[in-house]
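Reading through the structure tokens given below for one structure.
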Protein chains: 2
Amino acid sequence: MGNRIGNLMDVRTDIKVLDATIRDGGLCNNFEFTDEFVRALYEMNVRAGIDYMEFGYKASKTMFKESDFGKWKFCNEEDIRAIVGDNPTEMKISVMADVGRCDYKTDFLPKKDSVIDMVRVACYIHQIPAAIEMIEWFHELGYETTCNIMAISQANSDQIAQALAMLGTTNVDVIYLVDSYGSLYPENASDYARIYLEAVENTDKKIGFHAHNNQNLAFANTIDTLSRGVSYLDATVQGMGRGAGNCAMELLLGFLKNPKYKLYELLPFIEEYMIPLRESGVVWGYDLQYMFTGLLNRHPREAMDFTAKKRGDYAEFYKTLLENE
Amino acid sequence: MGNRIGNLMDVRTDIKVLDATIRDGGLCNNFEFTDEFVRALYEMNVRAGIDYMEFGYKASKTMFKESDFGKWKFCNEEDIRAIVGDNPTEMKISVMADVGRCDYKTDFLPKKDSVIDMVRVACYIHQIPAAIEMIEWFHELGYETTCNIMAISQANSDQIAQALAMLGTTNVDVIYLVDSYGSLYPENASDYARIYLEAVENTDKKIGFHAHNNQNLAFANTIDTLSRGVSYLDATVQGMGRGAGNCAMELLLGFLKNPKYKLYELLPFIEEYMIPLRESGVVWGYDLQYMFTGLLNRHPREAMDFTAKKRGDYAEFYKTLLENE
């Protein structure tokens with residue numbers, strides 16, 4: 001366990017807050033946000049002092065049919081520009097590119113021709129070589145880059161050390177610790193954070209954290225890792241994201257002491273857009289079924305299926321999970 | 001910040017889990033639980049390995065009319081016995097006695113004639129002398145005792161040191177850190193825990209923690225303080241409790257590694273009793289209005305009023321809170 005940096009009164013100017021509402025939240029509604037919603041979120045994020053807004057995925061159009069999804073699974077340049085114009089703001093724009101599910105050599109413009117600022121490469125730990133190839137490609141094009149190593153709770157320590165060593169030799173700007181299964185306790189999350197931070201100690205690379213709320217710890221884990229020195233923090237409005245969702249932006253902005261972050265700005269947006277979105281039937285957030293998969297360090301797919309079927313037989317579901325351990 | 005004791009794989013045999021569902025949850029439904037509900041909870045708690053079950057308050061019948069509340073605001077001996085008989089189980093029974101709202105000299109039997117094992121004395125920090133008088137009374141009667149110092153986030157360090165020194169000279173068995181406003185972050189909670197633990201270091205007194213979930217940190221704060229050495233842990237089924245509620249028992253039992261605790265036992269009870277209770281209109285749990293009062297370190301009464309009125313104008317509510325700072 002490392003020491004904490006800063007304290008509960010400080011401003012940490014190294015912190016960058018990334019809003020992933022459209023990207024991780026898009027997994028709850030097939031990326032079918034209206035332009036009005038995305039524009040209102042964009043304008044709100046700018047006012048709230050958010051540092052990066054992620055618009056969605058750059059998914060392969062050869063693997064996924066555009067007509068099967070909302071546009072934010074593909075993030076066409078013109079679709080982003082329809083919202084942000086040339087983005088004449090301080091806030092940067094990011095998209096996510098999944099290893100193995102992105103035609104990265106054809107689908108990205110050089111940075112000078114794009115309104116996108118940062119590309120986040122998401123991979124599992126065995127895909128690090130493929131991720132590095134993509135990172136260097138995006139770096140050459142002129143983008144900021146991150147490597148988001150998912151499902152870290154299922155990787156072993158040697159793999160993690162090796163992945164971090166490999167990434168240390170690349171041009172990647174930020175390495176993200178990603179608790180895909182929401183199975184980390186703050187004590188684990190801060191142990192991982194220490195390992196990641198030590199790995200980049202003598203470089204100018206930064207460490208980020210992306211939480212899931214399966215055990216209702218997304219916010220707690222986020223503020224614990226940030227207190228250890230993690231500086232890129234993902235959050236979504238009302239925690240909207242796959243399954244149990246993510247760290248709630250309103251909790252995070254309430255916690256951060258930098259006056260550039262303005263919690264109040266979120267509230268009219270929540271009233272006008274998020275509450276109606278939930279009422280329209282889009283479902284996310286902490287519930288028992290997600291706690292079970294988090295506790296058992298498993299992919300939430302069975303819990304998502306339980307939710308989709310509106311099941312309420314928690315005991316039976318938990319028993320089945322234990323039988324398939 | 002102290003070191004952690006134990007680790008995430010250990011069994012901590014010093015830990016005692018207290019179920020406060022009827023007592024803190026009773027604040028959500030005027031203590032109007034059916035006997036069937038309370039009996040099912042009691043039997044489930046026994047099976048789940050819970051160490052203490054709190055049945056409610058011993059409120060003054062001269063201050064409060066019995067006909068205005070459910071019976072668990074008063075916890076008459078015969079009402080508890082109607083559920084537990086002579087309580088032929090390993091699980092102990094507690095009740096809460098509020099300073100200034102309890103006729104303690106008339107309403108308690110000697111322990112040898114009562115099925116109650118522990119009396120928890122709740123007070124604000126300026127009421128410590130009154131609390132001590134009650135604690136010694138209950139101790140003389142033969143009960144285990146605790147002192148639950150509420151709203152600790154509004155007390156100053158000198159007051160806390162003095163209160164702990166005073167309690168150190170008494171016969172109290174457990175001193176509880178109580179985050180009444182849900183305003184502590186794990187970093188605060190563990191700092192307080194260290195102060196409380198140091199104060200009882202050379203005694204056999206124990207430290208407890210009672211969380212509120214205003215900032216969605218009740219579980220995180222509970223496991224953080226326990227990792228520092230706190231050993232009496234309050235939780236309620238599905239976090240049922242005033243306002244944003246408490247630490248959820250299912251999360252806590254999922255975390256604890258002692259095989260005596262059985263998470264599975266909670267699940268049929270949740271299906272059969274808790275879900276219908278919520279569906280009947282009893283409301284508790286994390287929501288934005290509670291986050292605001294937690295963040296501002298204030299009593300949740302305004303947020304409870306916002307909830308009761310089914311208001312959804314979060315922005316307006318937050319503005320009003322800020323104006324009344």
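Residue names in the structure tokens use chain letters A, B, ... in the order shown, residue numbers from 1 in each chain, and ligand numbers from 1 in the order shown.
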
Shell of 10 Å around Ser190 in chain B, only C-alpha atoms, local chain residues under 2 positions omitted, as a ChimeraX atom specification: /B:1-4,184-188,192-196,221-230

Expected file contents, prior selection, C-alpha atoms, as a PDB file, in the first residue's frame:
```pdb
ATOM      1  CA  MET B   1      -3.369   7.058   8.215  1.00  0.00           C
ATOM      2  CA  GLY B   2      -2.755   3.848  10.118  1.00  0.00           C
ATOM      3  CA  ASN B   3      -1.740   0.517   8.658  1.00  0.00           C
ATOM      4  CA  ARG B   4      -4.241  -2.121   7.800  1.00  0.00           C
ATOM      5  CA  LEU B 184     -17.147  10.860   5.393  1.00  0.00           C
ATOM      6  CA  TYR B 185     -14.860   9.631   2.649  1.00  0.00           C
ATOM      7  CA  PRO B 186     -12.944   6.402   3.342  1.00  0.00           C
ATOM      8  CA  GLU B 187      -9.853   8.490   4.036  1.00  0.00           C
ATOM      9  CA  ASN B 188     -11.746  10.423   6.749  1.00  0.00           C
ATOM     10  CA  TYR B 192     -11.369   8.678  12.736  1.00  0.00           C
ATOM     11  CA  ALA B 193     -11.052   4.934  13.196  1.00  0.00           C
ATOM     12  CA  ARG B 194      -7.378   5.354  14.067  1.00  0.00           C
ATOM     13  CA  ILE B 195      -8.207   7.983  16.679  1.00  0.00           C
ATOM     14  CA  TYR B 196     -10.904   5.813  18.256  1.00  0.00           C
ATOM     15  CA  ASN B 221     -16.254   3.185   4.525  1.00  0.00           C
ATOM     16  CA  THR B 222     -17.246   0.080   6.477  1.00  0.00           C
ATOM     17  CA  ILE B 223     -14.591  -2.126   4.883  1.00  0.00           C
ATOM     18  CA  ASP B 224     -12.010   0.605   5.166  1.00  0.00           C
ATOM     19  CA  THR B 225     -12.562   1.094   8.886  1.00  0.00           C
ATOM     20  CA  LEU B 226     -12.653  -2.645   9.488  1.00  0.00           C
ATOM     21  CA  SER B 227      -9.313  -3.001   7.726  1.00  0.00           C
ATOM     22  CA  ARG B 228      -7.913  -0.521  10.295  1.00  0.00           C
ATOM     23  CA  GLY B 229      -9.100  -2.604  13.245  1.00  0.00           C
ATOM     24  CA  VAL B 230     -12.723  -1.602  13.789  1.00  0.00           C
TER      25      VAL B 230
END
```

What are the residues of chain A lining chain B at 6 Å or less? Count only C-alpha atoms, and put the answer as an MDAnalysis selection string. chainID A and resid 267:268 315

How would the residues just picked look written out with N, CA and C atoms as an mmCIF file, in the first residue's frame?
```
data_model
loop_
_atom_site.group_PDB
_atom_site.id
_atom_site.type_symbol
_atom_site.label_atom_id
_atom_site.label_comp_id
_atom_site.auth_asym_id
_atom_site.auth_seq_id
_atom_site.Cartn_x
_atom_site.Cartn_y
_atom_site.Cartn_z
ATOM 1 N N LEU A 267 -26.847 19.048 -12.963
ATOM 2 C CA LEU A 267 -28.163 18.758 -12.394
ATOM 3 C C LEU A 267 -29.320 19.042 -13.345
ATOM 4 N N PRO A 268 -29.321 20.205 -14.027
ATOM 5 C CA PRO A 268 -30.405 20.388 -15.009
ATOM 6 C C PRO A 268 -30.340 19.328 -16.119
ATOM 7 N N ALA A 315 -31.709 -15.782 -5.443
ATOM 8 C CA ALA A 315 -31.112 -16.941 -4.784
ATOM 9 C C ALA A 315 -30.780 -18.025 -5.813
#
```

Identify which of the residues B:Val17, B:Leu321, B:Ala303, B:Val84 lies closest to Tyr286 in chain B, counting only C-alpha atoms when measuring atom-to-atom distances. B:Ala303

Mind giving me the straight-line distance from CA of Gly26 in chain A to CA of Gly70 in chain A in Å, one decimal?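 Computing it gives 8.4 Å between the two atoms.
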
Of the listed residues A:Pro110, A:Gly56, A:Gly142, A:Gly100, that which approaches Thr21 in chain A most closely, counting only C-alpha atoms: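 Smallest separation from Thr21 in chain A among the options: A:Gly56.
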
Any chance you could list, as a VMD selection string, the residues in range 96-305 of chain B that come up alpha helix (DSSP H) when DSSP is run on the backbone? chain B and resid 104 to 107 128 to 141 157 to 168 186 to 199 218 to 228 249 to 255 266 to 269 275 to 279 288 to 295 301 to 305

For the residues in that selection, give me C-alpha atoms as a short mmCIF file (atom, residue, chain, number, x, y, z; two decimals), in the first residue's frame.
```
data_model
loop_
_atom_site.label_atom_id
_atom_site.label_comp_id
_atom_site.auth_asym_id
_atom_site.auth_seq_id
_atom_site.Cartn_x
_atom_site.Cartn_y
_atom_site.Cartn_z
CA TYR B 104 -34.08 4.14 31.14
CA LYS B 105 -34.59 3.95 34.88
CA THR B 106 -38.05 2.42 34.51
CA ASP B 107 -38.12 0.69 31.13
CA ILE B 128 -21.56 12.32 26.64
CA PRO B 129 -22.12 12.87 30.38
CA ALA B 130 -25.77 11.85 30.03
CA ALA B 131 -24.74 8.88 27.90
CA ILE B 132 -22.25 7.75 30.53
CA GLU B 133 -24.90 7.85 33.22
CA MET B 134 -27.08 5.57 31.10
CA ILE B 135 -24.20 3.28 30.16
CA GLU B 136 -23.33 2.71 33.83
CA TRP B 137 -26.99 2.08 34.62
CA PHE B 138 -27.25 -0.58 31.90
CA HIS B 139 -23.92 -2.07 32.90
CA GLU B 140 -25.15 -2.38 36.49
CA LEU B 141 -28.26 -4.14 35.20
CA SER B 157 -11.07 17.09 17.21
CA ASP B 158 -10.80 18.36 20.78
CA GLN B 159 -14.38 17.36 21.57
CA ILE B 160 -13.75 13.90 20.16
CA ALA B 161 -10.55 13.43 22.15
CA GLN B 162 -12.31 14.51 25.32
CA ALA B 163 -15.34 12.28 24.70
CA LEU B 164 -13.09 9.28 24.08
CA ALA B 165 -11.08 10.00 27.23
CA MET B 166 -14.27 10.23 29.28
CA LEU B 167 -15.64 6.99 27.83
CA GLY B 168 -12.30 5.31 28.49
CA PRO B 186 -12.94 6.40 3.34
CA GLU B 187 -9.85 8.49 4.04
CA ASN B 188 -11.75 10.42 6.75
CA ALA B 189 -13.39 7.34 8.14
CA SER B 190 -10.08 5.56 8.55
CA ASP B 191 -8.54 8.63 10.19
CA TYR B 192 -11.37 8.68 12.74
CA ALA B 193 -11.05 4.93 13.20
CA ARG B 194 -7.38 5.35 14.07
CA ILE B 195 -8.21 7.98 16.68
CA TYR B 196 -10.90 5.81 18.26
CA LEU B 197 -8.71 2.71 18.19
CA GLU B 198 -5.79 4.54 19.79
CA ALA B 199 -8.08 5.79 22.53
CA ALA B 218 -21.43 3.18 3.24
CA PHE B 219 -19.93 -0.16 2.23
CA ALA B 220 -16.58 1.31 1.22
CA ASN B 221 -16.25 3.18 4.52
CA THR B 222 -17.25 0.08 6.48
CA ILE B 223 -14.59 -2.13 4.88
CA ASP B 224 -12.01 0.61 5.17
CA THR B 225 -12.56 1.09 8.89
CA LEU B 226 -12.65 -2.65 9.49
CA SER B 227 -9.31 -3.00 7.73
CA ARG B 228 -7.91 -0.52 10.30
CA MET B 249 -25.61 -6.56 4.62
CA GLU B 250 -25.30 -8.52 1.37
CA LEU B 251 -22.23 -6.51 0.33
CA LEU B 252 -20.68 -6.89 3.77
CA LEU B 253 -21.26 -10.66 3.98
CA GLY B 254 -19.91 -11.01 0.43
CA PHE B 255 -16.73 -9.29 1.61
CA LEU B 266 -30.13 -13.38 2.70
CA LEU B 267 -31.31 -13.95 -0.83
CA PRO B 268 -34.62 -15.77 -0.32
CA PHE B 269 -35.42 -13.23 2.42
CA ILE B 275 -38.65 -6.52 -2.66
CA PRO B 276 -42.35 -6.52 -1.68
CA LEU B 277 -41.59 -3.99 1.08
CA ARG B 278 -40.11 -1.60 -1.48
CA GLU B 279 -42.96 -2.29 -3.86
CA LEU B 288 -28.82 12.81 -5.54
CA GLN B 289 -30.60 14.75 -2.80
CA TYR B 290 -28.78 12.69 -0.15
CA MET B 291 -25.47 13.13 -1.92
CA PHE B 292 -25.95 16.90 -1.61
CA THR B 293 -26.55 16.84 2.15
CA GLY B 294 -23.69 14.34 2.61
CA LEU B 295 -21.36 16.54 0.59
CA ARG B 301 -33.87 16.18 6.87
CA GLU B 302 -34.25 18.48 3.86
CA ALA B 303 -33.36 15.61 1.51
CA MET B 304 -35.90 13.38 3.26
CA ASP B 305 -38.51 16.06 2.76
#
```

So that I can check the surroundings of Cys123 in chain A, please list as a list in words every protein, DNA and RNA residue that reaches within 8 Å of it, counting only C-alpha atoms and ignoring chain neighbours fewer than 2 positions away.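 Once the adjacent positions are removed, what remains is Asp98, Val99, Val121, Ile125, His126, Gln127, Ile128, Ala131, Cys147, Asn148, Ile149 and Met150 of chain A.
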